[in-house]
>>> print(open('upload19.cif').read())   # mmCIF, C-alpha atoms
data_run
#
loop_
_atom_site.label_atom_id
_atom_site.label_comp_id
_atom_site.auth_asym_id
_atom_site.auth_seq_id
_atom_site.Cartn_x
_atom_site.Cartn_y
_atom_site.Cartn_z
CA MET L 27 0.00 0.00 0.00
CA ALA L 28 2.85 2.39 0.82
CA ARG L 29 4.31 1.68 -2.61
CA TRP L 30 1.06 2.66 -4.33
CA ARG L 31 0.86 5.87 -2.31
CA ILE L 32 4.37 6.75 -3.45
CA VAL L 33 3.50 6.12 -7.08
CA GLY L 34 0.29 8.14 -6.74
CA GLY L 35 2.19 11.01 -5.19
CA MET L 36 4.82 11.01 -7.95
CA LEU L 37 2.21 11.06 -10.68
CA ALA L 38 -0.16 13.66 -9.21
CA VAL L 39 -0.30 16.90 -11.16
CA CYS L 40 0.70 20.03 -9.17
CA LEU L 41 -2.15 22.26 -7.96
CA PHE L 42 -2.68 25.68 -9.45
CA LEU L 43 -5.25 28.48 -9.27
CA VAL L 44 -7.54 29.68 -12.02
CA GLY L 45 -10.31 32.24 -12.06
CA GLY L 46 -13.85 30.81 -11.80
CA CYS L 47 -16.98 32.08 -13.52
CA ALA L 48 -19.68 30.93 -11.12
CA SER L 49 -22.03 33.46 -9.61
CA PHE L 50 -23.86 33.37 -6.29
CA PRO L 51 -27.37 34.80 -6.87
CA ASP L 52 -27.77 36.25 -3.36
CA ASP L 53 -24.68 38.44 -3.74
CA GLY L 54 -24.83 39.15 -7.46
CA SER L 55 -22.12 38.39 -9.98
CA ARG L 56 -18.88 37.44 -8.35
CA THR L 57 -15.51 36.07 -9.43
CA TRP L 58 -14.22 33.02 -7.60
CA HIS L 59 -10.73 31.60 -7.56
CA ASP L 60 -11.31 27.89 -7.75
CA GLN L 61 -8.73 25.56 -6.31
CA VAL L 62 -8.02 23.26 -9.24
CA GLU L 63 -6.91 19.77 -8.32
CA SER L 64 -6.01 17.24 -10.97
CA SER L 65 -5.29 13.59 -10.42
CA GLY L 66 -4.92 12.79 -14.09
CA GLU L 67 -4.75 9.31 -15.47
CA LEU L 68 -3.32 6.97 -12.85
CA GLY L 69 -3.22 9.86 -10.41
CA GLY L 70 -5.50 8.18 -7.88
CA PRO L 71 -8.53 9.59 -6.10
CA PRO L 72 -8.89 13.36 -5.60
CA THR L 73 -8.07 12.92 -1.91
CA LEU L 74 -4.74 11.18 -1.36
CA ASP L 75 -2.73 10.23 1.69
CA GLU L 76 0.40 12.25 2.21
CA PRO L 77 3.22 10.56 0.27
CA GLU L 78 5.69 8.69 2.41
CA PRO L 79 9.43 9.46 2.18
CA PRO L 80 11.14 7.54 -0.64
CA ALA L 81 12.56 4.21 0.42
CA ASP L 82 16.32 3.86 0.75
CA PRO L 83 17.50 2.00 -2.40
CA SER L 84 20.16 0.26 -0.33
CA SER L 85 17.43 -1.39 1.76
CA GLY L 86 16.17 -3.37 -1.22
CA ASN L 87 12.65 -1.92 -0.75
CA ALA L 88 12.78 0.90 -3.27
CA PRO L 89 9.67 1.27 -5.46
CA PRO L 90 9.94 0.22 -9.09
CA PRO L 91 10.96 2.95 -11.54
CA THR L 92 8.09 4.90 -13.08
CA SER L 93 7.76 6.81 -16.32
CA SER L 94 7.19 10.55 -16.21
CA ALA L 95 4.13 10.06 -18.45
CA PRO L 96 1.11 7.98 -17.41
CA GLN L 97 0.44 4.71 -19.16
CA GLN L 98 -2.05 4.98 -21.97
CA PRO L 99 -4.98 2.63 -22.64
CA ALA L 100 -4.41 -0.20 -25.10
CA GLY L 101 -7.74 -0.97 -26.71
CA CYS L 102 -10.27 -1.64 -23.96
CA GLU L 103 -7.52 -2.25 -21.39
CA ASP L 104 -7.15 0.85 -19.25
CA PRO L 105 -4.31 0.77 -16.68
CA ASP L 106 -5.91 3.49 -14.53
CA PRO L 107 -6.90 1.74 -11.27
CA GLN L 108 -9.90 4.08 -10.88
CA VAL L 109 -11.49 2.91 -14.14
CA VAL L 110 -14.20 0.28 -13.58
CA ALA L 111 -15.49 -0.26 -17.13
CA THR L 112 -14.29 0.66 -20.62
CA CYS L 113 -15.38 0.73 -24.27
CA LEU L 114 -18.94 1.73 -23.46
CA SER L 115 -21.25 3.99 -25.42
CA PRO L 116 -21.79 7.44 -23.84
CA VAL L 117 -22.92 6.95 -20.24
CA GLY L 118 -26.26 8.58 -19.46
CA ALA L 119 -26.70 7.51 -15.84
CA ILE L 120 -25.29 5.27 -13.10
CA ALA L 121 -27.05 3.46 -10.25
CA VAL L 122 -24.60 1.96 -7.75
CA LEU L 123 -25.64 -1.42 -6.37
CA PRO L 124 -25.77 -2.13 -2.61
CA ASP L 125 -22.47 -4.05 -2.63
CA GLY L 126 -20.65 -0.83 -3.56
CA PHE L 127 -18.36 -2.64 -6.02
CA SER L 128 -20.77 -2.96 -8.94
CA ALA L 129 -23.22 -0.63 -10.61
CA LEU L 130 -25.86 -0.46 -13.30
CA VAL L 131 -24.94 1.83 -16.19
CA ALA L 132 -27.29 3.34 -18.76
CA GLU L 133 -25.84 3.82 -22.24
CA ARG L 134 -27.50 6.95 -23.58
CA THR L 135 -27.45 6.14 -27.29
CA THR L 136 -27.99 2.36 -27.29
CA GLY L 137 -30.55 2.09 -24.48
CA ARG L 138 -28.58 -0.74 -22.91
CA VAL L 139 -28.49 -1.17 -19.14
CA LEU L 140 -25.27 -2.94 -18.13
CA LYS L 141 -23.95 -4.27 -14.85
CA VAL L 142 -20.30 -3.30 -14.49
CA GLN L 143 -17.60 -4.23 -12.00
CA ARG L 144 -13.85 -3.78 -12.17
CA GLY L 145 -12.14 -6.89 -13.54
CA SER L 146 -15.31 -8.30 -15.13
CA ALA L 147 -16.88 -7.88 -18.56
CA PRO L 148 -20.06 -5.76 -18.60
CA GLN L 149 -23.22 -7.84 -18.26
CA LEU L 150 -26.35 -6.89 -20.24
CA ILE L 151 -29.35 -6.47 -17.93
CA ALA L 152 -31.92 -4.95 -20.30
CA THR L 153 -32.31 -2.88 -23.43
CA VAL L 154 -34.68 0.07 -23.46
CA PRO L 155 -36.00 1.25 -26.87
CA VAL L 156 -34.73 4.82 -27.28
CA ASP L 157 -34.48 7.65 -29.77
CA ALA L 158 -30.82 8.57 -29.40
CA ALA L 159 -31.22 11.84 -31.30
CA ALA L 160 -33.87 12.99 -28.80
CA GLY L 161 -31.71 12.25 -25.76
CA GLY L 162 -31.88 8.49 -25.43
CA LEU L 163 -31.54 6.86 -22.01
CA SER L 164 -30.73 9.60 -19.49
CA GLY L 165 -32.00 8.42 -16.09
CA LEU L 166 -31.53 5.34 -13.91
CA VAL L 167 -32.33 4.72 -10.23
CA LEU L 168 -32.79 1.71 -7.99
CA SER L 169 -36.21 1.06 -6.52
CA PRO L 170 -36.56 2.51 -3.00
CA SER L 171 -37.09 -1.13 -1.92
CA TYR L 172 -34.44 -2.63 -4.22
CA ALA L 173 -33.22 -5.08 -1.57
CA GLU L 174 -36.62 -6.79 -1.69
CA ASP L 175 -37.86 -6.33 -5.27
CA GLU L 176 -34.65 -5.78 -7.35
CA LEU L 177 -36.52 -3.27 -9.50
CA VAL L 178 -34.83 -0.50 -11.45
CA TYR L 179 -36.42 2.59 -13.03
CA ALA L 180 -35.22 4.28 -16.20
CA TYR L 181 -36.00 7.54 -17.99
CA ALA L 182 -35.91 7.43 -21.76
CA ALA L 183 -36.75 9.46 -24.84
CA THR L 184 -38.53 7.24 -27.38
CA ALA L 185 -39.82 7.85 -30.90
CA ASP L 186 -43.22 8.85 -29.47
CA ASP L 187 -42.63 10.51 -26.10
CA GLU L 188 -40.49 10.49 -23.00
CA ARG L 189 -41.32 7.98 -20.30
CA VAL L 190 -40.42 6.25 -17.07
CA LEU L 191 -39.97 2.48 -17.31
CA ARG L 192 -39.65 -0.29 -14.76
CA ILE L 193 -36.98 -2.97 -15.26
CA ALA L 194 -37.51 -6.25 -13.42
CA PRO L 195 -35.13 -9.25 -13.48
CA GLY L 196 -35.71 -11.39 -16.55
CA GLU L 197 -38.45 -9.14 -17.96
CA ALA L 198 -38.64 -6.57 -20.74
CA PRO L 199 -38.86 -2.96 -19.55
CA LYS L 200 -42.46 -1.91 -18.84
CA PRO L 201 -43.82 1.68 -18.97
CA VAL L 202 -44.77 3.28 -15.66
CA LEU L 203 -45.47 6.82 -16.87
CA THR L 204 -45.83 7.83 -20.53
CA GLY L 205 -46.90 10.88 -22.50
CA ILE L 206 -44.16 13.26 -21.33
CA PRO L 207 -43.50 15.69 -24.21
CA ARG L 208 -40.18 15.17 -25.92
CA GLY L 209 -37.78 17.86 -24.79
CA PRO L 210 -34.13 18.39 -23.93
CA GLY L 211 -32.66 16.66 -20.90
CA GLY L 212 -34.23 14.40 -18.32
CA ALA L 213 -33.18 12.78 -15.05
CA LEU L 214 -34.44 10.55 -12.24
CA GLY L 215 -34.13 10.68 -8.47
CA VAL L 216 -35.77 9.31 -5.33
CA ASP L 217 -37.55 11.47 -2.76
CA ALA L 218 -35.99 10.62 0.60
CA ALA L 219 -39.09 11.58 2.60
CA THR L 220 -41.72 9.58 0.71
CA GLY L 221 -39.77 7.00 -1.31
CA SER L 222 -41.38 8.44 -4.44
CA LEU L 223 -39.71 8.70 -7.82
CA LEU L 224 -38.63 12.20 -8.87
CA VAL L 225 -38.68 12.82 -12.61
CA ALA L 226 -37.04 15.91 -14.11
CA THR L 227 -38.38 16.68 -17.58
CA GLY L 228 -37.18 19.09 -20.26
CA ASP L 229 -39.11 21.94 -21.85
CA PRO L 230 -39.40 21.80 -25.66
CA GLY L 231 -40.38 25.49 -25.62
CA GLY L 232 -42.75 27.39 -23.35
CA ALA L 233 -44.35 24.36 -21.69
CA ALA L 234 -42.70 24.83 -18.29
CA GLY L 235 -45.21 27.53 -17.38
CA ASN L 236 -48.21 25.44 -18.42
CA PRO L 237 -49.51 23.61 -15.33
CA ALA L 238 -51.31 21.06 -17.51
CA SER L 239 -48.10 19.98 -19.25
CA LEU L 240 -45.60 17.48 -17.88
CA ALA L 241 -42.75 19.28 -19.67
CA GLY L 242 -40.23 21.48 -17.82
CA LYS L 243 -41.24 20.02 -14.47
CA VAL L 244 -40.17 17.83 -11.59
CA LEU L 245 -42.77 15.09 -11.25
CA ARG L 246 -43.27 13.17 -8.02
CA ILE L 247 -44.91 9.79 -8.51
CA ASP L 248 -45.12 6.41 -6.82
CA THR L 249 -43.57 3.32 -8.39
CA LEU L 250 -46.82 2.64 -10.28
CA GLY L 251 -46.79 6.09 -11.90
CA ARG L 252 -49.49 7.66 -9.70
CA PRO L 253 -49.13 11.19 -8.23
CA THR L 254 -47.72 11.23 -4.72
CA ALA L 255 -50.05 12.49 -2.03
CA GLY L 256 -49.10 16.03 -1.06
CA ASN L 257 -48.14 17.28 -4.52
CA PRO L 258 -49.20 20.95 -4.77
CA ALA L 259 -52.08 20.55 -7.26
CA GLY L 260 -52.87 16.90 -6.67
CA THR L 261 -51.29 16.00 -10.02
CA ALA L 262 -47.93 14.40 -10.79
CA VAL L 263 -46.33 17.87 -10.95
CA TYR L 264 -44.28 18.74 -7.86
CA ALA L 265 -42.26 21.71 -9.16
CA SER L 266 -41.94 23.68 -12.40
CA GLY L 267 -39.41 25.91 -14.12
CA LEU L 268 -36.88 23.57 -15.76
CA SER L 269 -35.40 23.96 -19.23
CA ASN L 270 -32.89 21.19 -19.91
CA PRO L 271 -32.37 19.16 -16.71
CA GLN L 272 -29.27 17.00 -16.56
CA GLY L 273 -29.01 15.54 -13.06
CA MET L 274 -30.71 15.12 -9.71
CA CYS L 275 -29.18 14.13 -6.37
CA THR L 276 -30.23 14.01 -2.72
CA GLY L 277 -28.10 14.48 0.38
CA THR L 278 -28.37 12.75 3.75
CA ASP L 279 -30.37 15.71 5.04
CA GLY L 280 -33.05 15.06 2.41
CA THR L 281 -32.23 18.11 0.29
CA THR L 282 -32.55 17.41 -3.44
CA TRP L 283 -30.59 19.33 -6.05
CA VAL L 284 -31.32 19.61 -9.79
CA THR L 285 -28.85 20.74 -12.45
CA ASP L 286 -30.29 22.55 -15.45
CA ARG L 287 -28.99 24.14 -18.64
CA ALA L 288 -31.13 27.26 -18.76
CA ALA L 289 -31.21 30.01 -21.35
CA GLY L 290 -27.89 31.88 -21.25
CA ARG L 291 -26.46 30.06 -18.22
CA ASP L 292 -26.21 26.76 -16.39
CA VAL L 293 -27.93 26.63 -13.01
CA LEU L 294 -28.39 24.56 -9.88
CA PHE L 295 -31.77 24.43 -8.13
CA ARG L 296 -32.58 23.40 -4.59
CA LEU L 297 -35.77 21.43 -5.09
CA GLY L 298 -38.93 22.62 -3.40
CA ALA L 299 -42.64 22.38 -4.16
CA GLY L 300 -44.07 24.91 -6.62
CA THR L 301 -42.07 27.15 -8.93
CA LEU L 302 -38.33 26.60 -8.62
CA GLY L 303 -37.54 30.31 -8.70
CA THR L 304 -34.04 31.73 -8.14
CA PRO L 305 -31.22 29.22 -8.67
CA ALA L 306 -28.99 28.34 -5.73
CA TRP L 307 -25.96 28.66 -8.03
CA SER L 308 -25.35 29.73 -11.61
CA TRP L 309 -22.58 29.51 -14.20
CA PRO L 310 -22.68 32.34 -16.79
CA ASN L 311 -19.89 30.61 -18.74
CA ARG L 312 -22.10 27.51 -19.28
CA PRO L 313 -19.58 24.75 -18.48
CA GLY L 314 -22.09 22.01 -19.29
CA VAL L 315 -23.59 20.94 -15.97
CA ALA L 316 -24.56 17.29 -15.91
CA GLY L 317 -25.05 14.65 -13.20
CA CYS L 318 -24.53 15.39 -9.53
CA SER L 319 -23.92 13.58 -6.26
CA VAL L 320 -23.81 14.49 -2.57
CA LEU L 321 -21.10 12.73 -0.55
CA GLY L 322 -19.29 13.57 2.66
CA GLY L 323 -20.90 17.00 2.93
CA ALA L 324 -19.87 18.01 -0.61
CA LEU L 325 -22.03 18.50 -3.67
CA ALA L 326 -20.12 17.28 -6.75
CA ILE L 327 -21.35 18.27 -10.22
CA ALA L 328 -20.01 16.69 -13.40
CA LEU L 329 -19.21 19.15 -16.19
CA THR L 330 -19.14 18.01 -19.79
CA GLY L 331 -18.03 21.23 -21.47
CA THR L 332 -15.08 22.01 -19.21
CA LYS L 333 -14.33 18.30 -18.65
CA SER L 334 -14.09 18.54 -14.89
CA LEU L 335 -15.83 18.07 -11.55
CA PHE L 336 -17.18 21.14 -9.73
CA VAL L 337 -17.50 20.87 -5.94
CA LEU L 338 -19.58 22.98 -3.57
CA ARG L 339 -20.14 22.57 0.16
CA PRO L 340 -23.82 23.13 1.03
CA GLY L 341 -24.48 24.99 4.25
CA GLN L 342 -27.76 25.74 5.95
CA ASP L 343 -30.87 27.06 4.21
CA GLY L 344 -29.55 26.41 0.70
CA THR L 345 -26.42 28.52 1.10
CA PHE L 346 -22.84 27.35 0.53
CA THR L 347 -19.71 27.60 2.64
CA GLY L 348 -16.11 28.10 1.56
CA ASP L 349 -14.90 28.49 -2.00
CA PRO L 350 -15.89 26.12 -4.82
CA ARG L 351 -13.28 23.73 -6.17
CA THR L 352 -12.64 22.34 -9.62
CA LEU L 353 -11.28 18.78 -9.69
CA LEU L 354 -10.05 16.42 -12.40
CA PRO L 355 -9.72 19.04 -15.18
CA ASP L 356 -9.52 17.03 -18.40
CA ALA L 357 -8.39 13.94 -16.49
CA TYR L 358 -11.12 11.75 -17.98
CA GLY L 359 -12.67 14.06 -20.56
CA ARG L 360 -16.36 14.94 -20.68
CA LEU L 361 -17.88 13.89 -17.36
CA ALA L 362 -21.65 13.37 -17.34
CA ALA L 363 -23.17 10.74 -15.04
CA ALA L 364 -22.51 10.88 -11.29
CA ALA L 365 -23.69 8.66 -8.45
CA ALA L 366 -22.86 7.96 -4.82
CA GLY L 367 -21.85 4.51 -3.62
CA PRO L 368 -22.91 3.09 -0.24
CA ASP L 369 -19.24 2.91 0.76
CA GLY L 370 -18.76 6.66 0.30
CA LEU L 371 -17.09 6.50 -3.11
CA LEU L 372 -18.08 8.58 -6.13
CA TRP L 373 -18.91 7.00 -9.49
CA LEU L 374 -18.61 9.01 -12.72
CA GLY L 375 -19.36 8.24 -16.35
CA THR L 376 -18.02 9.89 -19.49
CA VAL L 377 -19.56 10.94 -22.80
CA ASN L 378 -16.42 11.38 -24.87
CA LYS L 379 -17.93 9.55 -27.86
CA ASP L 380 -21.01 11.75 -28.12
CA GLY L 381 -19.66 13.61 -31.13
CA ALA L 382 -19.35 16.96 -29.36
CA ALA L 383 -16.85 19.46 -30.72
CA GLY L 384 -13.50 19.16 -28.99
CA ALA L 385 -14.16 15.66 -27.65
CA LEU L 386 -11.16 13.40 -28.27
CA PRO L 387 -12.05 9.88 -27.13
CA LYS L 388 -9.35 7.59 -25.83
CA LEU L 389 -9.15 4.00 -27.00
CA SER L 390 -10.90 2.84 -23.83
CA ASP L 391 -13.79 5.35 -23.92
CA ASP L 392 -16.44 5.66 -22.85
CA ARG L 393 -15.59 4.80 -19.25
CA VAL L 394 -17.00 4.46 -15.75
CA ILE L 395 -14.72 5.69 -12.95
CA ARG L 396 -14.90 5.03 -9.21
CA ILE L 397 -12.99 7.50 -7.04
CA GLN L 398 -12.78 8.78 -3.51
CA PRO L 399 -14.84 11.97 -3.09
CA PRO L 400 -13.04 15.28 -2.61
CA THR L 401 -13.80 15.49 1.13
CA GLY L 402 -12.16 12.14 1.90
CA GLY L 403 -13.69 9.27 3.81
CA GLY L 404 -14.96 6.01 2.43
CA ALA L 405 -13.11 2.91 1.40
CA SER L 406 -10.13 2.76 -0.89
CA ALA L 407 -11.03 2.67 -4.57
CA ALA L 408 -7.96 0.65 -5.48
#
>>> encode(input="upload19.cif", output="structure tokens")
Amino acid sequence: MARWRIVGGMLAVCLFLVGGCASFPDDGSRTWHDQVESSGELGGPPTLDEPEPPADPSSGNAPPPTSSAPQQPAGCEDPDPQVVATCLSPVGAIAVLPDGFSALVAERTTGRVLKVQRGSAPQLIATVPVDAAAGGLSGLVLSPSYAEDELVYAYAATADDERVLRIAPGEAPKPVLTGIPRGPGGALGVDAATGSLLVATGDPGGAAGNPASLAGKVLRIDTLGRPTAGNPAGTAVYASGLSNPQGMCTGTDGTTWVTDRAAGRDVLFRLGAGTLGTPAWSWPNRPGVAGCSVLGGALAIALTGTKSLFVLRPGQDGTFTGDPRTLLPDAYGRLAAAAAGPDGLLWLGTVNKDGAAGALPKLSDDRVIRIQPPTGGGASAA
């Protein structure tokens, strides 16, 4: 273990400061100086132990020589110990399984749901019919009672509409909620208080303000697709005001966050019933907010455009404490999916093969990565 810490320390990229472009709505536009931390390929988790002093070569316990450049993938073999799965299609969502070592992965463009684990070939669980051009498969969550029923729920854009589907072992996916207008984005979550499914839907244009439409909303439904008791209007609609939602995540305190690509800026909402209103955070530079996860008191948001991980520390009443941090800049490319593991580790998925300008896939893309979250804690990912 000491040897691996030495190697990780030697390969870590030095920290440096850059100017941030995020704004904090309560205080107006503001320039932040993000602390940028890069592990890089083979660099290890964002939080590392302090490197130990080099071993005395005369003792016979010196570490093996290392190259100044990280090893590069060879086909689907990726030497990075944080990489769990390789050679996937763009990853739309991740649902970590209770064992913490395996996860279900949604391929956005193919509609495949795969079980992945480091050292094993991906296993096909189900295939959801999708329209890849309309967004494909973008949401995946475990049933609130997964330990008993082994059910999984998916959000998909099809040729006719967008819908929530239930995936049961050995069965074809079955619709739970249909008729959602086709629009940009889409994500799934679970309401901690009620065990309901939370469904973030995109707005194809002007529908978010229409209370009769399911577009541009956060829907709160039970696992059979029925509105949850306590929704503001007695319908499936819980909140409105979304444009192009990309991710949803809930912390241990029950607070749910939604990332959205709004007109002219990317934003982060703190979910509440009714109209979403003023964002909790905004990015005028539009870095491409995507999936999010709350771990160890930190809110981590995957960014596709700037190919990094943005980290905030939520405080009380929807505020934030300390300065934001930018991690893993261009270490794995365009990060999209994010999910928390039960062991305190953070899972990320890439979309380097989505055809976006500036995306340069590696031989092993697209990939699923399992790392230690920026605040430390949790088991070792190695």
>>> residues_near_point(input="upload19.cif", point="(-38.0, -1.0, -8.3)", cutoff="10 Å", atoms="only C-alpha atoms", output="PyMOL selection string")
chain L and resi 167-180+191-194+223+249-250
>>> resolve_selection(input="upload19.cif", expression="the PyMOL selection byres ((chain L and resi 188) around 7)", output="ChimeraX atom specification")
/L:182-184,187,189,204-208
>>> resolve_selection(input="upload19.cif", expression="the PyMOL selection byres ((chain L and resi 322) around 12)", output="JSON, numbers by chain")
{"L": [277, 278, 279, 319, 320, 321, 323, 324, 325, 326, 337, 338, 339, 340, 366, 367, 368, 369, 370, 371, 372, 398, 399, 400, 401, 402, 403, 404]}
>>> atom_distance(input="upload19.cif", atom1="CA of Ala382 (chain L)", atom2="CA of Ala362 (chain L)")
12.8 Å
>>> resolve_selection(input="upload19.cif", expression="the PyMOL selection byres ((chain L and resi 139) around 8)", output="PyMOL selection string")
chain L and resi 130-133+137-138+140-141+150-154
>>> write_last_selection(input="upload19.cif", atoms="C-alpha atoms", output="PDB file, in the coordinates of the input")
ATOM      1  CA  LEU L 130     -25.860  -0.460 -13.300  1.00  0.00           C
ATOM      2  CA  VAL L 131     -24.940   1.830 -16.190  1.00  0.00           C
ATOM      3  CA  ALA L 132     -27.290   3.340 -18.760  1.00  0.00           C
ATOM      4  CA  GLU L 133     -25.840   3.820 -22.240  1.00  0.00           C
ATOM      5  CA  GLY L 137     -30.550   2.090 -24.480  1.00  0.00           C
ATOM      6  CA  ARG L 138     -28.580  -0.740 -22.910  1.00  0.00           C
ATOM      7  CA  LEU L 140     -25.270  -2.940 -18.130  1.00  0.00           C
ATOM      8  CA  LYS L 141     -23.950  -4.270 -14.850  1.00  0.00           C
ATOM      9  CA  LEU L 150     -26.350  -6.890 -20.240  1.00  0.00           C
ATOM     10  CA  ILE L 151     -29.350  -6.470 -17.930  1.00  0.00           C
ATOM     11  CA  ALA L 152     -31.920  -4.950 -20.300  1.00  0.00           C
ATOM     12  CA  THR L 153     -32.310  -2.880 -23.430  1.00  0.00           C
ATOM     13  CA  VAL L 154     -34.680   0.070 -23.460  1.00  0.00           C
TER      14      VAL L 154
END
>>> closest_residue(input="upload19.cif", among="L:Gly348, L:Pro148, L:Gly232, L:Gly298", to="Arg246 (chain L)", atoms="only C-alpha atoms")
L:Gly298
>>> closest_atom_pairs(input="upload19.cif", of="region 205-238 of chain L", to="region 256-272 of chain L", cutoff="8 Å", atoms="only C-alpha atoms", output="Markdown table")
| residue | atom | partner | partner_atom | distance |
| --- | --- | --- | --- | --- |
| L:Gly209 | CA | L:Asn270 | CA | 7.7 |
| L:Pro210 | CA | L:Asn270 | CA | 5.1 |
| L:Gly211 | CA | L:Asn270 | CA | 4.6 |
| L:Gly212 | CA | L:Pro271 | CA | 5.4 |
| L:Ala213 | CA | L:Gln272 | CA | 5.9 |
| L:Ala226 | CA | L:Pro271 | CA | 6.3 |
| L:Thr227 | CA | L:Pro271 | CA | 6.6 |
| L:Gly228 | CA | L:Asn270 | CA | 4.8 |
| L:Asp229 | CA | L:Ser269 | CA | 5.0 |
| L:Pro230 | CA | L:Ser269 | CA | 7.9 |
| L:Ala234 | CA | L:Gly267 | CA | 5.4 |
| L:Gly235 | CA | L:Gly267 | CA | 6.8 |
| L:Pro237 | CA | L:Val263 | CA | 7.9 |
>>> closest_residue(input="upload19.cif", among="L:Thr135, L:Gln143, L:Thr301, L:Thr220", to="Asp157 (chain L)", atoms="only C-alpha atoms")
L:Thr135
>>> atom_distance(input="upload19.cif", atom1="CA of Val202 (chain L)", atom2="CA of Val122 (chain L)")
21.7 Å
>>> atom_distance(input="upload19.cif", atom1="CA of Ser239 (chain L)", atom2="CA of Pro313 (chain L)")
28.9 Å
>>> closest_residue(input="upload19.cif", among="L:Glu103, L:Asp248, L:Asp217, L:Asp292", to="Met274 (chain L)", atoms="all atoms listed in the file")
L:Asp217
>>> closest_residue(input="upload19.cif", among="L:Gly251, L:Gly331, L:Gly242, L:Gly341", to="Ala288 (chain L)", atoms="all atoms listed in the file")
L:Gly242
>>> closest_residue(input="upload19.cif", among="L:Gln342, L:Val315, L:Ala238, L:Pro355", to="Val284 (chain L)", atoms="only C-alpha atoms")
L:Val315
>>> axis_aligned_box(input="upload19.cif", around="region 162-167 of chain L", padding_each_side="4 Å", output="JSON")
{"center_x": -31.5, "center_y": 7.2, "center_z": -17.8, "size_x": 9.6, "size_y": 12.9, "size_z": 23.2}
>>> residues_around(input="upload19.cif", residues="Pro116 (chain L)", least_positions_apart="4", cutoff="8 Å", atoms="all atoms listed in the file", output="mmCIF file with C-alpha atoms, keeping the file's coordinate frame")
data_model
loop_
_atom_site.group_PDB
_atom_site.id
_atom_site.type_symbol
_atom_site.label_atom_id
_atom_site.label_comp_id
_atom_site.auth_asym_id
_atom_site.auth_seq_id
_atom_site.Cartn_x
_atom_site.Cartn_y
_atom_site.Cartn_z
ATOM 1 C CA GLU L 133 -25.840 3.820 -22.240
ATOM 2 C CA ARG L 134 -27.500 6.950 -23.580
ATOM 3 C CA THR L 135 -27.450 6.140 -27.290
ATOM 4 C CA GLY L 375 -19.360 8.240 -16.350
ATOM 5 C CA THR L 376 -18.020 9.890 -19.490
ATOM 6 C CA VAL L 377 -19.560 10.940 -22.800
ATOM 7 C CA ASN L 378 -16.420 11.380 -24.870
ATOM 8 C CA LYS L 379 -17.930 9.550 -27.860
ATOM 9 C CA ASP L 380 -21.010 11.750 -28.120
ATOM 10 C CA ASP L 392 -16.440 5.660 -22.850
#
>>> residues_near_point(input="upload19.cif", point="(-10.8, 3.0, -18.7)", cutoff="6 Å", atoms="only C-alpha atoms", output="JSON list (two decimals) with C-alpha atoms, keeping the file's coordinate frame")
[["chain", "number", "residue", "atom", "x", "y", "z"],
["L", 104, "ASP", "CA", -7.15, 0.85, -19.25],
["L", 109, "VAL", "CA", -11.49, 2.91, -14.14],
["L", 111, "ALA", "CA", -15.49, -0.26, -17.13],
["L", 112, "THR", "CA", -14.29, 0.66, -20.62],
["L", 390, "SER", "CA", -10.90, 2.84, -23.83],
["L", 393, "ARG", "CA", -15.59, 4.80, -19.25]]
>>> closest_residue(input="upload19.cif", among="L:Val216, L:Leu297, L:Val190, L:Ala365", to="Ile397 (chain L)", atoms="only C-alpha atoms")
L:Ala365
